[in-house]
Structures are given as structure tokens and as C-alpha cells.
>>> print(open('protein-v9.cif').read())   # mmCIF, C-alpha atoms
data_target
loop_
_atom_site.label_atom_id
_atom_site.label_comp_id
_atom_site.auth_asym_id
_atom_site.auth_seq_id
_atom_site.Cartn_x
_atom_site.Cartn_y
_atom_site.Cartn_z
CA MET A 132 -1.32 6.75 14.09
CA GLU A 133 -3.68 9.67 14.34
CA ARG A 134 -7.43 9.48 13.96
CA ARG A 135 -8.71 13.01 13.52
CA THR A 136 -11.83 14.82 12.47
CA GLY A 137 -11.99 16.12 8.93
CA SER A 138 -11.16 19.81 8.98
CA ARG A 139 -12.36 20.92 5.55
CA THR A 140 -15.45 20.72 3.44
CA VAL A 141 -15.28 18.99 0.08
CA LYS A 142 -15.46 21.32 -2.91
CA ARG A 143 -13.49 19.25 -5.39
CA ALA A 144 -13.37 15.44 -5.52
CA GLY A 145 -11.74 12.79 -7.66
CA ILE A 146 -13.36 9.43 -8.49
CA LEU A 147 -11.39 6.39 -9.65
CA THR A 148 -13.21 3.61 -11.49
CA HIS A 149 -12.00 0.02 -11.82
CA PRO A 150 -10.94 -0.97 -15.36
CA ARG A 151 -12.30 -4.52 -15.03
CA LEU A 152 -15.56 -3.64 -13.30
CA PRO A 153 -17.89 -1.93 -15.80
CA GLU A 154 -20.43 -1.23 -13.07
CA THR A 155 -17.99 1.22 -11.48
CA ARG A 156 -18.29 3.54 -14.51
CA LYS A 157 -22.05 3.77 -14.04
CA LEU A 158 -21.65 4.30 -10.31
CA ALA A 159 -19.02 6.99 -10.92
CA ALA A 160 -21.36 8.90 -13.24
CA ASP A 161 -24.19 8.66 -10.72
CA LEU A 162 -21.91 9.68 -7.87
CA ALA A 163 -20.56 12.63 -9.84
CA ALA A 164 -24.09 13.85 -10.52
CA ARG A 165 -25.09 13.57 -6.87
CA LEU A 166 -21.96 15.37 -5.74
CA GLY A 167 -22.61 18.02 -8.38
CA ASP A 168 -26.03 18.64 -6.86
CA LEU A 169 -24.21 19.29 -3.57
CA GLY A 170 -21.93 21.85 -5.20
CA VAL A 171 -18.88 19.63 -5.66
CA SER A 172 -16.86 19.61 -8.88
CA VAL A 173 -15.67 16.12 -9.86
CA GLU A 174 -12.80 14.63 -11.87
CA ILE A 175 -13.15 11.00 -13.00
CA GLY A 176 -10.24 8.69 -13.79
CA THR A 177 -9.28 5.03 -13.48
CA SER A 178 -7.36 3.27 -10.73
CA ALA A 179 -5.24 1.55 -13.40
CA ASP A 180 -3.86 4.95 -14.36
CA VAL A 181 -4.01 7.30 -11.38
CA GLY A 182 -1.54 9.45 -13.31
CA CYS A 183 -4.44 10.61 -15.47
CA LEU A 184 -5.41 12.82 -12.52
CA GLN A 185 -1.83 13.67 -11.56
CA GLN A 186 -2.14 17.38 -12.23
CA GLN A 187 -5.40 17.59 -10.28
CA LEU A 188 -4.40 15.48 -7.26
CA GLY A 189 -2.98 18.40 -5.30
CA THR A 190 -6.21 20.39 -5.71
CA LEU A 191 -8.60 17.64 -4.55
CA ASP A 192 -10.32 17.64 -1.17
CA CYS A 193 -10.81 13.89 -1.36
CA LEU A 194 -10.26 10.93 -3.69
CA ILE A 195 -12.98 8.27 -3.94
CA THR A 196 -12.09 4.79 -5.19
CA LEU A 197 -14.63 2.35 -6.63
CA GLY A 198 -13.38 -1.22 -6.50
CA GLY A 199 -11.45 -3.31 -4.02
CA ASP A 200 -8.43 -3.00 -1.78
CA GLY A 201 -6.05 -2.83 -4.74
CA SER A 202 -7.69 0.37 -5.92
CA ILE A 203 -7.28 1.93 -2.49
CA VAL A 204 -3.62 0.90 -2.32
CA ARG A 205 -2.88 2.54 -5.69
CA ALA A 206 -4.71 5.69 -4.65
CA ALA A 207 -2.91 5.87 -1.30
CA ARG A 208 0.48 5.75 -3.03
CA ALA A 209 -0.59 8.38 -5.55
CA VAL A 210 -1.66 10.94 -2.94
CA ALA A 211 1.08 10.21 -0.40
CA GLY A 212 2.33 13.47 1.06
CA ARG A 213 -0.42 15.56 -0.55
CA GLY A 214 -2.83 15.51 2.38
CA VAL A 215 -5.69 14.17 0.24
CA PRO A 216 -7.91 11.69 2.13
CA VAL A 217 -9.00 8.51 0.33
CA LEU A 218 -12.53 7.10 0.65
CA GLY A 219 -12.90 3.51 -0.52
CA ILE A 220 -16.26 2.20 -1.74
CA ASN A 221 -16.15 -1.59 -1.93
CA LEU A 222 -17.05 -3.35 -5.14
CA GLY A 223 -14.25 -5.89 -4.82
CA GLN A 224 -13.91 -9.29 -3.17
CA LEU A 225 -12.40 -8.53 0.24
CA GLY A 226 -12.78 -4.88 1.08
CA PHE A 227 -10.59 -4.91 4.19
CA LEU A 228 -9.61 -1.29 3.52
CA ALA A 229 -12.89 0.02 2.12
CA GLU A 230 -14.98 2.24 4.36
CA LEU A 231 -18.37 1.97 2.63
CA GLU A 232 -20.56 -0.33 0.58
CA PRO A 233 -22.48 1.25 -2.35
CA THR A 234 -25.74 0.90 -0.42
CA GLU A 235 -24.38 3.13 2.34
CA LEU A 236 -23.70 6.15 0.12
CA ASP A 237 -27.06 7.85 0.56
CA GLY A 238 -26.50 8.66 4.20
CA CYS A 239 -22.86 9.66 3.85
CA LEU A 240 -22.42 12.00 0.87
CA GLU A 241 -23.83 15.09 2.52
CA ALA A 242 -21.75 14.48 5.65
CA LEU A 243 -18.64 14.09 3.50
CA VAL A 244 -19.28 17.32 1.61
CA GLN A 245 -19.86 19.22 4.86
CA GLY A 246 -16.58 17.96 6.34
CA ASN A 247 -18.31 15.75 8.89
CA TYR A 248 -15.92 12.82 8.70
CA ARG A 249 -12.90 11.33 10.44
CA ILE A 250 -9.53 10.60 8.87
CA GLU A 251 -7.67 7.46 9.87
CA GLU A 252 -4.01 7.84 8.99
CA ARG A 253 -1.90 4.82 8.05
CA MET A 254 1.86 4.46 7.95
CA LEU A 255 3.47 4.05 4.53
CA LEU A 256 6.64 2.15 3.70
CA ARG A 257 9.63 3.68 1.94
CA ALA A 258 11.80 1.16 0.06
CA THR A 259 15.16 2.08 -1.47
CA LEU A 260 16.57 -0.26 -4.10
CA THR A 261 20.32 -0.52 -4.67
CA THR A 262 21.63 -2.95 -7.29
CA ARG A 263 25.20 -4.05 -7.83
CA ASP A 264 25.47 -1.22 -10.37
CA GLY A 265 24.35 1.45 -7.91
CA TRP A 266 21.28 3.24 -6.59
CA GLU A 267 18.07 2.52 -8.53
CA GLY A 268 15.29 4.46 -6.84
CA GLU A 269 12.78 4.87 -4.02
CA TYR A 270 9.30 3.36 -3.80
CA ASP A 271 6.40 3.98 -1.41
CA GLY A 272 3.99 1.27 -0.34
CA LEU A 273 0.94 0.91 1.88
CA ASN A 274 0.87 -2.86 2.42
CA ASP A 275 4.23 -4.49 1.92
CA VAL A 276 7.58 -4.85 0.23
CA VAL A 277 8.54 -8.36 -0.90
CA VAL A 278 11.78 -9.91 -2.11
CA ALA A 279 10.84 -13.30 -3.56
CA ARG A 280 12.19 -16.01 -5.82
CA GLY A 281 12.12 -15.35 -9.54
CA GLU A 282 11.23 -17.67 -12.41
CA LYS A 283 12.95 -20.75 -11.00
CA VAL A 284 11.05 -22.81 -8.45
CA ARG A 285 13.75 -22.93 -5.81
CA ALA A 286 14.46 -21.25 -2.51
CA ILE A 287 16.60 -18.14 -2.44
CA ALA A 288 18.91 -16.77 0.23
CA VAL A 289 17.94 -13.38 1.66
CA GLU A 290 20.20 -11.80 4.27
CA VAL A 291 18.26 -9.64 6.73
CA TRP A 292 19.78 -6.70 8.60
CA VAL A 293 18.00 -4.60 11.25
CA ASP A 294 19.34 -1.16 12.18
CA GLY A 295 22.78 -2.03 10.86
CA GLN A 296 23.01 -5.38 12.65
CA ARG A 297 22.83 -8.68 10.81
CA PHE A 298 19.74 -10.59 11.98
CA THR A 299 19.71 -13.80 9.94
CA THR A 300 19.78 -15.28 6.45
CA TYR A 301 16.53 -16.86 5.34
CA ARG A 302 16.52 -19.64 2.80
CA ALA A 303 12.96 -19.36 1.65
CA ASP A 304 10.65 -18.47 -1.22
CA GLY A 305 11.00 -14.87 -0.11
CA VAL A 306 10.83 -12.31 2.68
CA ILE A 307 7.98 -9.85 3.36
CA VAL A 308 8.25 -6.53 5.15
CA ALA A 309 4.70 -5.39 5.92
CA THR A 310 2.97 -2.52 7.67
CA ALA A 311 0.14 -3.04 10.16
CA THR A 312 -2.22 -2.31 7.25
CA GLY A 313 -0.48 -5.04 5.24
CA SER A 314 -0.72 -7.52 8.12
CA THR A 315 -4.05 -8.70 6.66
CA ALA A 316 -2.60 -9.08 3.14
CA TYR A 317 0.28 -11.32 1.97
CA ALA A 318 1.81 -11.45 5.47
CA LEU A 319 -1.38 -13.01 6.84
CA ALA A 320 -1.41 -15.63 4.07
CA VAL A 321 2.00 -16.93 5.20
CA GLY A 322 1.06 -17.10 8.88
CA GLY A 323 1.94 -13.63 10.12
CA PRO A 324 0.22 -11.86 13.02
CA ILE A 325 -2.70 -9.48 12.55
CA LEU A 326 -1.88 -6.02 13.89
CA ALA A 327 -4.33 -3.22 14.58
CA PRO A 328 -4.07 -1.08 11.42
CA THR A 329 -3.47 2.02 13.50
CA LEU A 330 -0.12 0.76 14.81
CA ASP A 331 3.17 2.14 13.48
CA ASN A 332 4.97 -1.19 13.24
CA LEU A 333 6.75 -3.28 10.64
CA ILE A 334 6.50 -7.06 10.29
CA VAL A 335 9.36 -9.10 8.83
CA ILE A 336 8.30 -12.62 7.87
CA PRO A 337 9.77 -15.28 5.56
CA VAL A 338 7.73 -17.11 2.93
CA ALA A 339 8.04 -20.92 3.20
CA PRO A 340 11.37 -20.82 5.09
CA HIS A 341 13.60 -23.90 5.25
CA LEU A 342 14.93 -25.04 8.65
CA THR A 343 14.51 -21.79 10.52
CA PRO A 344 13.06 -21.34 14.02
CA THR A 345 12.33 -17.66 13.41
CA ARG A 346 8.93 -16.72 12.04
CA ALA A 347 7.48 -13.21 12.23
CA LEU A 348 9.48 -10.35 13.70
CA VAL A 349 7.56 -7.22 14.76
CA LEU A 350 9.62 -4.03 14.83
CA PRO A 351 9.07 -0.30 15.42
CA GLY A 352 7.98 1.60 12.36
CA GLN A 353 11.24 3.53 12.08
CA ALA A 354 13.46 0.44 12.20
CA ARG A 355 15.72 0.19 9.16
CA ILE A 356 15.51 -3.21 7.50
CA ARG A 357 17.91 -4.29 4.78
CA LEU A 358 17.25 -7.31 2.54
CA VAL A 359 20.19 -8.56 0.47
CA VAL A 360 19.78 -11.23 -2.23
CA GLY A 361 22.30 -14.04 -1.93
CA ALA A 362 25.04 -14.45 -4.52
CA GLU A 363 24.01 -16.21 -7.74
CA HIS A 364 20.33 -16.06 -6.79
CA VAL A 365 17.60 -14.51 -8.93
CA ALA A 366 14.74 -12.71 -7.23
CA VAL A 367 11.88 -10.25 -7.74
CA PHE A 368 11.28 -7.01 -5.84
CA SER A 369 7.62 -6.10 -5.36
CA VAL A 370 5.76 -3.21 -3.72
CA ASP A 371 2.10 -3.80 -2.81
CA GLY A 372 1.99 -6.50 -5.50
CA GLN A 373 1.73 -3.69 -8.07
CA VAL A 374 5.34 -2.59 -8.66
CA ASP A 375 7.72 -5.34 -9.75
CA ARG A 376 11.31 -5.53 -10.98
CA PRO A 377 13.95 -8.29 -11.18
CA LEU A 378 16.83 -8.59 -8.73
CA GLY A 379 20.13 -10.42 -8.86
CA GLY A 380 22.69 -11.61 -6.33
CA GLY A 381 24.02 -8.78 -4.19
CA ASP A 382 21.12 -6.43 -4.90
CA ALA A 383 19.71 -4.83 -1.73
CA VAL A 384 16.42 -3.33 -0.60
CA ASP A 385 16.29 -0.98 2.39
CA VAL A 386 12.86 -0.59 4.02
CA THR A 387 11.62 1.70 6.78
CA GLY A 388 8.54 3.72 7.69
CA GLY A 389 8.02 6.42 5.06
CA PRO A 390 8.01 10.19 5.59
CA SER A 391 4.41 10.42 4.35
CA ARG A 392 1.17 8.92 5.61
CA ALA A 393 -2.02 7.80 3.92
CA GLY A 394 -5.42 8.91 5.18
#
>>> encode(input="protein-v9.cif", output="C-alpha cells")
Amino acid sequence: MERRTGSRTVKRAGILTHPRLPETRKLAADLAARLGDLGVSVEIGTSADVGCLQQQLGTLDCLITLGGDGSIVRAARAVAGRGVPVLGINLGQLGFLAELEPTELDGCLEALVQGNYRIEERMLLRATLTTRDGWEGEYDGLNDVVVARGEKVRAIAVEVWVDGQRFTTYRADGVIVATATGSTAYALAVGGPILAPTLDNLIVIPVAPHLTPTRALVLPGQARIRLVVGAEHVAVFSVDGQVDRPLGGGDAVDVTGGPSRAG
């Protein structure tokens, strides 16, 4: 992890509203006007469709999200590798990742525009999905990758490999691979440890495991973790709870620390 001082002033900013929070549209308009008075040009989009700003993302000096942690997670994935810092303003329920409350904006906008800020970088996950029919694709995540049971309410078998060595087979509702950032998300809900968000570590933890003495496993960020769905089992592959696709027996997910970081 690196915590560094912002090195550039903000001339061009993006603002993402929340589609289910109408108050974020009003706040976005007010924020755009205030930034405009400070000489900043602004693009406004929605966190439900970050792609609406896709062509502009590489030209932004910062991306501001209005909402909760889910909005920040989507934004972090969208700007991964582009060097665009994300500033979260909390209008959600938890706000673990958000930096500011709306009432704190007055004292911070001018400092942001002048480049008087610090960037806290977080490790991203890179998940590679391979089905029985071959390679399917790569996915980046900020919080976690999950392989969990599908429609049927029954435990599934998930074989876990670490750096090419078989670790164990969990019979559980699923298996989570989380970053330190994600240690306060789904992993925490199933009894995982809380890690300082600045750590470059991965957590492997089963969900409701049956007859297993092994709970959470904390690994270096560049460990290579492979999750294989047991034969004849049906599962779901999820990234940050926002990207989902079905899995079948023999399908595999490889997870490690990603090449990009979120700031």
C-alpha cells in the first residue's frame, strides 16, 4: 500500500449519482456549480452505468461518487489502471469506504481543486474464470470474489488450491476470497478477520462450512488461489456482489492480486 500526497490540481472532474437516491442528483448539480466556480469542468453520470463516462474517464483528474460503498466499488473498478483517484461522499447506509459526509464538503472542495489531498491506494483482485469449455474472461474486484451455491439450498464442494498446491475441499455454502478492503464486507459477515485496509493481503474463508476445522486463511497479496467447483454441483461466481454468472462442476476461478490499484 502507498499513501501519497496528491500531485496534481483538479481541472476536470466526474460525478456519479446514485440511481435510487434522488437527492444525489440535486447534490451533483450543486457540486458541479461550486466546482465550476473554482474553474473545474464537470461530467455527470450515474454509478449504475459508469460506462456513460467511459470515454472521459482517462481525462479526469478525479471521480466523485455520491452514494454508498457500492458506488465506490463500481467506480474503483471502472478507473482501475487509469490513475484516476476516487472520492466517496457518503449518502448510503454504511460508508466504510467513503471519505466525506455531505456536510464536510465546504471545507474540502478548494483543497481538492488545489491538489491538497492524499491518495490511499488499495489492492485490487484479478479473477480469471475458466469453464469446462475453456477460458471465459478476466474480472477485477475491490472487495471480493465469491464462489457460492446456486439456486438449490444445499452445500457445494469447492476445491481450494494455493500456489499450485491443493489446500482443502470445503463443503459449504461457498468460498470467499477477499482483499483487506473487503475484510469489512461479506468476509466479516461470515466471521472473517478485519485487516487494515492498507495491507496487501488476501483472505480465503468458507461460508457456513460443514465439519471443517479451517476457518479464515490470510495469504500474501500475490498468492495464486484456485477455486474449483465439485463435479455435479451448481454454483454462482460473483465479483464485489455486482458481477454474477453461473458455474457448473469442474469450472474454475483463479484469483490473485491484480496488476492495477485503486486510489
>>> atom_distance(input="protein-v9.cif", atom1="atom CA of A:Leu358", atom2="atom CA of A:Trp292")
6.6 Å
>>> atom_distance(input="protein-v9.cif", atom1="atom CA of A:Glu154", atom2="atom CA of A:Asn221")
11.9 Å
>>> closest_residue(input="protein-v9.cif", among="A:Gly352, A:Gly272, A:Pro216, A:Pro328", to="A:Tyr248", atoms="all atoms listed in the file")
A:Pro216
>>> resolve_selection(input="protein-v9.cif", expression="the PyMOL selection byres ((chain A and resi 169) around 10)", output="list in words")
Val141, Lys142, Ala163, Ala164, Arg165, Leu166, Gly167, Asp168, Gly170, Val171, Ser172, Leu240, Glu241, Val244 and Gln245 of chain A
>>> atom_distance(input="protein-v9.cif", atom1="atom CA of A:Arg205", atom2="atom CA of A:Asp331")
20.1 Å
>>> resolve_selection(input="protein-v9.cif", expression="the PyMOL selection byres ((chain A and resi 333) around 6)", output="PDB file with C-alpha atoms, keeping the file's coordinate frame")
ATOM      1  CA  ALA A 309       4.700  -5.390   5.920  1.00  0.00           C
ATOM      2  CA  THR A 310       2.970  -2.520   7.670  1.00  0.00           C
ATOM      3  CA  ASN A 332       4.970  -1.190  13.240  1.00  0.00           C
ATOM      4  CA  ILE A 334       6.500  -7.060  10.290  1.00  0.00           C
ATOM      5  CA  VAL A 349       7.560  -7.220  14.760  1.00  0.00           C
ATOM      6  CA  LEU A 350       9.620  -4.030  14.830  1.00  0.00           C
ATOM      7  CA  GLY A 352       7.980   1.600  12.360  1.00  0.00           C
TER       8      GLY A 352
END
>>> closest_residue(input="protein-v9.cif", among="A:Pro390, A:Pro344, A:Gly322, A:Gly281", to="A:Asp375", atoms="all atoms listed in the file")
A:Gly281
>>> residues_near_point(input="protein-v9.cif", point="(14.7, 2.8, 0.4)", cutoff="10 Å", atoms="only C-alpha atoms", output="list in words")
Leu256, Arg257, Ala258, Thr259, Leu260, Thr261, Trp266, Glu267, Gly268, Glu269, Tyr270, Asp271, Arg355, Ile356, Arg357, Ala383, Val384, Asp385, Val386, Thr387, Gly388 and Gly389 of chain A
>>> closest_residue(input="protein-v9.cif", among="A:Arg376, A:Arg280, A:Arg213, A:Arg253", to="A:Gly313", atoms="all atoms listed in the file")
A:Arg253
>>> resolve_selection(input="protein-v9.cif", expression="the PyMOL selection byres ((chain A and resi 369-373) around 6)", output="PyMOL selection string")
chain A and resi 272+274-277+368+374-375
>>> residues_around(input="protein-v9.cif", residues="A:Val359", least_positions_apart="5", cutoff="8 Å", atoms="all atoms listed in the file", output="list in words")
Val289, Glu290, Val291, Gly380, Gly381, Asp382, Ala383 and Val384 of chain A
>>> residues_around(input="protein-v9.cif", residues="stretch 190-198 of chain A", least_positions_apart="6", cutoff="8 Å", atoms="only C-alpha atoms", output="PyMOL selection string")
chain A and resi 139-149+152+155+159+178+206+215-223
>>> residues_around(input="protein-v9.cif", residues="A:Arg302", least_positions_apart="6", cutoff="10 Å", atoms="all atoms listed in the file", output="tab-separated table (two decimals) with C-alpha atoms, keeping the file's coordinate frame")
chain	number	residue	atom	x	y	z
A	285	ARG	CA	13.75	-22.93	-5.81
A	286	ALA	CA	14.46	-21.25	-2.51
A	287	ILE	CA	16.60	-18.14	-2.44
A	288	ALA	CA	18.91	-16.77	0.23
A	289	VAL	CA	17.94	-13.38	1.66
A	290	GLU	CA	20.20	-11.80	4.27
A	337	PRO	CA	9.77	-15.28	5.56
A	338	VAL	CA	7.73	-17.11	2.93
A	339	ALA	CA	8.04	-20.92	3.20
A	340	PRO	CA	11.37	-20.82	5.09
A	341	HIS	CA	13.60	-23.90	5.25
A	342	LEU	CA	14.93	-25.04	8.65
A	343	THR	CA	14.51	-21.79	10.52
A	361	GLY	CA	22.30	-14.04	-1.93
>>> residues_around(input="protein-v9.cif", residues="A:Pro377", least_positions_apart="2", cutoff="7 Å", atoms="all atoms listed in the file", output="JSON, numbers by chain")
{"A": [366, 367, 368, 379]}
>>> closest_residue(input="protein-v9.cif", among="A:Pro324, A:Thr329, A:Gln186, A:Thr299", to="A:Thr345", atoms="only C-alpha atoms")
A:Thr299
>>> residues_near_point(input="protein-v9.cif", point="(-8.2, -5.6, 8.5)", cutoff="9 Å", atoms="all atoms listed in the file", output="list in words")
Gly226, Phe227, Leu228, Ala311, Thr312, Gly313, Ser314, Thr315, Ala316, Ile325, Leu326, Ala327 and Pro328 of chain A
>>> decode(input="protein-v9.cif", residues="stretch 221-232 of chain A", atoms="all heavy atoms", output="short mmCIF file (atom, residue, chain, number, x, y, z; two decimals), in the first residue's frame")
data_model
loop_
_atom_site.label_atom_id
_atom_site.label_comp_id
_atom_site.auth_asym_id
_atom_site.auth_seq_id
_atom_site.Cartn_x
_atom_site.Cartn_y
_atom_site.Cartn_z
N ASN A 221 -20.53 10.09 1.29
CA ASN A 221 -21.45 9.09 1.80
C ASN A 221 -22.89 9.59 1.90
O ASN A 221 -23.19 10.51 2.64
CB ASN A 221 -21.00 8.62 3.20
CG ASN A 221 -21.89 7.53 3.74
OD1 ASN A 221 -22.31 6.65 3.00
ND2 ASN A 221 -22.18 7.59 5.03
N LEU A 222 -23.75 8.95 1.14
CA LEU A 222 -25.19 9.12 1.30
C LEU A 222 -25.85 7.74 1.44
O LEU A 222 -27.05 7.60 1.24
CB LEU A 222 -25.81 9.87 0.12
CG LEU A 222 -25.56 11.39 0.08
CD1 LEU A 222 -24.29 11.69 -0.69
CD2 LEU A 222 -26.75 12.12 -0.54
N GLY A 223 -25.04 6.73 1.74
CA GLY A 223 -25.54 5.37 1.87
C GLY A 223 -25.75 5.00 3.32
O GLY A 223 -25.84 5.84 4.21
N GLN A 224 -25.77 3.67 3.58
CA GLN A 224 -26.07 3.18 4.92
C GLN A 224 -24.82 2.96 5.75
O GLN A 224 -24.80 3.24 6.94
CB GLN A 224 -26.87 1.87 4.81
CG GLN A 224 -28.23 2.05 4.15
CD GLN A 224 -28.99 0.74 4.02
OE1 GLN A 224 -28.44 -0.33 4.23
NE2 GLN A 224 -30.25 0.83 3.67
N LEU A 225 -23.75 2.44 5.14
CA LEU A 225 -22.56 2.09 5.91
C LEU A 225 -21.46 3.14 5.75
O LEU A 225 -21.02 3.74 6.71
CB LEU A 225 -22.04 0.71 5.49
CG LEU A 225 -22.99 -0.47 5.80
CD1 LEU A 225 -22.40 -1.77 5.29
CD2 LEU A 225 -23.26 -0.56 7.30
N GLY A 226 -20.99 3.30 4.54
CA GLY A 226 -19.97 4.31 4.29
C GLY A 226 -18.60 3.95 4.82
O GLY A 226 -17.82 4.83 5.19
N PHE A 227 -18.26 2.65 4.86
CA PHE A 227 -16.93 2.25 5.30
C PHE A 227 -15.85 2.85 4.40
O PHE A 227 -14.77 3.20 4.85
CB PHE A 227 -16.79 0.72 5.26
CG PHE A 227 -17.36 0.03 6.47
CD1 PHE A 227 -18.32 -0.96 6.33
CD2 PHE A 227 -16.93 0.35 7.75
CE1 PHE A 227 -18.85 -1.61 7.42
CE2 PHE A 227 -17.45 -0.29 8.86
CZ PHE A 227 -18.42 -1.28 8.70
N LEU A 228 -16.14 2.95 3.10
CA LEU A 228 -15.13 3.39 2.14
C LEU A 228 -15.19 4.88 1.86
O LEU A 228 -14.24 5.44 1.30
CB LEU A 228 -15.31 2.62 0.81
CG LEU A 228 -15.21 1.10 0.87
CD1 LEU A 228 -15.43 0.50 -0.50
CD2 LEU A 228 -13.86 0.68 1.44
N ALA A 229 -16.28 5.52 2.21
CA ALA A 229 -16.45 6.94 1.89
C ALA A 229 -15.52 7.80 2.74
O ALA A 229 -15.28 7.52 3.92
CB ALA A 229 -17.90 7.36 2.09
N GLU A 230 -15.03 8.86 2.14
CA GLU A 230 -14.10 9.74 2.82
C GLU A 230 -14.81 10.90 3.51
O GLU A 230 -14.39 11.36 4.57
CB GLU A 230 -13.09 10.32 1.81
CG GLU A 230 -11.99 11.16 2.42
CD GLU A 230 -11.01 10.35 3.26
OE1 GLU A 230 -10.93 9.13 3.05
OE2 GLU A 230 -10.35 10.94 4.12
N LEU A 231 -15.93 11.37 2.91
CA LEU A 231 -16.59 12.57 3.41
C LEU A 231 -18.09 12.38 3.58
O LEU A 231 -18.71 11.57 2.87
CB LEU A 231 -16.36 13.75 2.45
CG LEU A 231 -14.93 14.22 2.20
CD1 LEU A 231 -14.93 15.29 1.12
CD2 LEU A 231 -14.31 14.76 3.49
N GLU A 232 -18.66 13.15 4.48
CA GLU A 232 -20.11 13.33 4.56
C GLU A 232 -20.46 14.62 3.80
O GLU A 232 -19.60 15.51 3.66
CB GLU A 232 -20.55 13.45 6.02
CG GLU A 232 -20.27 12.21 6.86
CD GLU A 232 -21.11 11.01 6.44
OE1 GLU A 232 -22.26 11.21 6.01
OE2 GLU A 232 -20.60 9.88 6.57
#
